[in-house]
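First the structure, in the form of structure tokens, and then the observations on it.
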Amino acid sequence: MATLKETLLKKIQEHRPRTTRLVKEFGDVKIGEVTIAQAIGGARGVKCLVTDISYLDPMEGIRFRGMTIPETFEALPKVPGSEYPYVEGFWYLLLTGDVPTDAQVQEVVEDWKARAQVPEYVFDVLRTMPRDTHPMTMFSAAILAMQRESVFAKKYAEGISKMDYWDPMYEDCSTLMARLPQIAAYIYRMKYKGDTPIAPDPDLDMGGNFAHMMGIDKPYDDVARMYFILHSDHESGNVSAHTTHLVASALSDAYYSLSAGINGLAGPLHGLANQEVLRWTQDFMKKLGGEVPTKEGLEKALWDTLNSGQVIPGYGHAVLRKTDPRYTAQREFCLKTPGLKDYPLFQLVSMIFEVAPDVLQQHGKAKNPWPNVDAQSGVIQWYYGVTEYDFYTVLFGVGRALGVLANITWDRALGYAIERPKSVTTDMLEEAAGIKK
Ligand code: HAX
């Protein structure tokens, strides 16, 4: 059986001529134009990134390597005794585009175990940080601290050929993926659980081991597997993916790049929105003072938020124009899980789903009034006892690492260039608009 790395090399060798030919023979073909609104408005919709790992259709949602979320969950080999797949197998799929066999999944499981030992100095770095430091700051710092171990940086300094850049990048990315669950769980137990870290169990898969190190019983292992896969990738233009790709384009290694991407994920308009959803929902419940929420009361609270100039967290999206299938997948998990279905917080989140789209439509600003992934994820965490909602984005970060690290491995394989879009001045825009005196 070919190893993941051998299979990846074969795929890279097959793919390279496609990219080379497009640039050499068709480099002048236009795939879009940029308007003034796009230049000022965050490059929304400007086609200038290439990835084959996932694609986001505005109406259909995400496809990983061509597969929808339900198709992905269906196709991948499952952890024995679980309905959910191995995260390790999903990593294989993202990297190669192939659904792995059981044996291929086991190869990744074993490889990650061999790489999983988090160096002691990472824990030392975390322990020196004040305990009220945001967990995303801790997570990013821990990733950055390990940069000294980068195989890519070492090989680059030794003078490796451009054609081989992907290899040490793959090594760094695999090592990061193997270590992130323990780092995340360590932060959680240190910060919120009286500094009681739980040692990893080498007999468990990534999702199972993460649940074990968090100290949470089944089916939290399934929650972890589902959560990491759902949050992994959303094509290249979102802030965390784009930041990771941008930093890596300077040939910064995976540690520098991922740490930067995690910092972008920490923004309230991006990954932090799942924390904001819970904060908003809890505030609303507090205001009710034990009364059962009504649709009228909820509608008023949503309008109060909008009228005070704030966004409704968990709603809207830069690309999607319908309910996020990642929201739907988590909602379905709640609906089929005894206890969660009738859980008051889930019922409130479901009520928001009934009321908020109409309110946002009447408000008339958001192009997409439907919920995104972040509107639903906090409820599940809360139900399983993870009530420290500033930790939620760290969970998102572990998942997001799968996508962005697979992407930067391919970036180096295909020799994508250092990013350098061109700026213009406001004068130039006014000239282009024909309004400059
Ligand atoms: N509540 C209130 N107003 C909203 C809104 C919401 N949920 N979503 C968009 N709008 C407003 C925007 O602020 C913008 O207002 P201005 O014209 O005054 O600037 C207007 O509607 C047009 O925005 P848009 O084109 O529909 O959306 P953008 O592409 O600019 O932004 C965001 C996309 C996700 C950032 C936006 O919808 C938002 O702020 N949502 C709330 C925060 C959130 O849920 N973020 C998580 C998104 C998913 C994700 O990346 N997770 O990591």
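Every chain in the structure tokens has a letter given in the order shown (A, B, ...), and although residue numbers restart at 1 in each chain, ligands are simply numbered from 1 in the order shown.
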Neighbour list for Asp283 of chain A as a list in words, cut-off 12 Å, only C-alpha atoms, skip fewer than 4 positions in-chain: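 My reading of the contact set: Glu276, Val277, Leu278, Arg279, Lys287, Leu288, Gly289, Gly290, Leu298, Ala301, Leu302 and Thr305 of chain A.
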Which chains and residue numbers are within 8 Å of ligand 1, counting only C-alpha atoms and all ligand atoms, if I want them as an NGL selection string? :A and (41-42 or 44 or 238-239 or 265 or 268-274 or 277 or 306 or 309-319 or 360 or 364-369 or 371-375)
I want to know what sits within 12 Å of Gly81 of chain A, based on only C-alpha atoms, with residues of the same chain fewer than 3 positions away left out; could you give that as a CSV table (one decimal) with C-alpha atoms, in the first residue's frame?
chain,number,residue,atom,x,y,z
A,77,PRO,CA,-14.5,5.2,7.0
A,78,LYS,CA,-16.1,5.3,10.4
A,84,TYR,CA,-18.9,9.5,12.5
A,85,PRO,CA,-15.7,9.2,10.4
A,86,TYR,CA,-12.1,9.4,11.5
A,208,GLY,CA,-11.8,10.2,20.7
A,218,LYS,CA,-19.3,9.9,24.9
A,219,PRO,CA,-20.8,11.0,22.6
A,221,ASP,CA,-16.0,12.1,20.8
A,222,ASP,CA,-18.6,12.2,17.9
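Closest approach to Phe391 of chain A from the set A:Ala145, A:Val118, A:Met163, A:Ala266 is made by A:Ala266, with distances taken over only C-alpha atoms.
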Between A:Tyr121, A:Tyr156, A:Tyr227, A:Trp382, which has the minimum distance to Gln282 of chain A (counting only C-alpha atoms)? A:Trp382
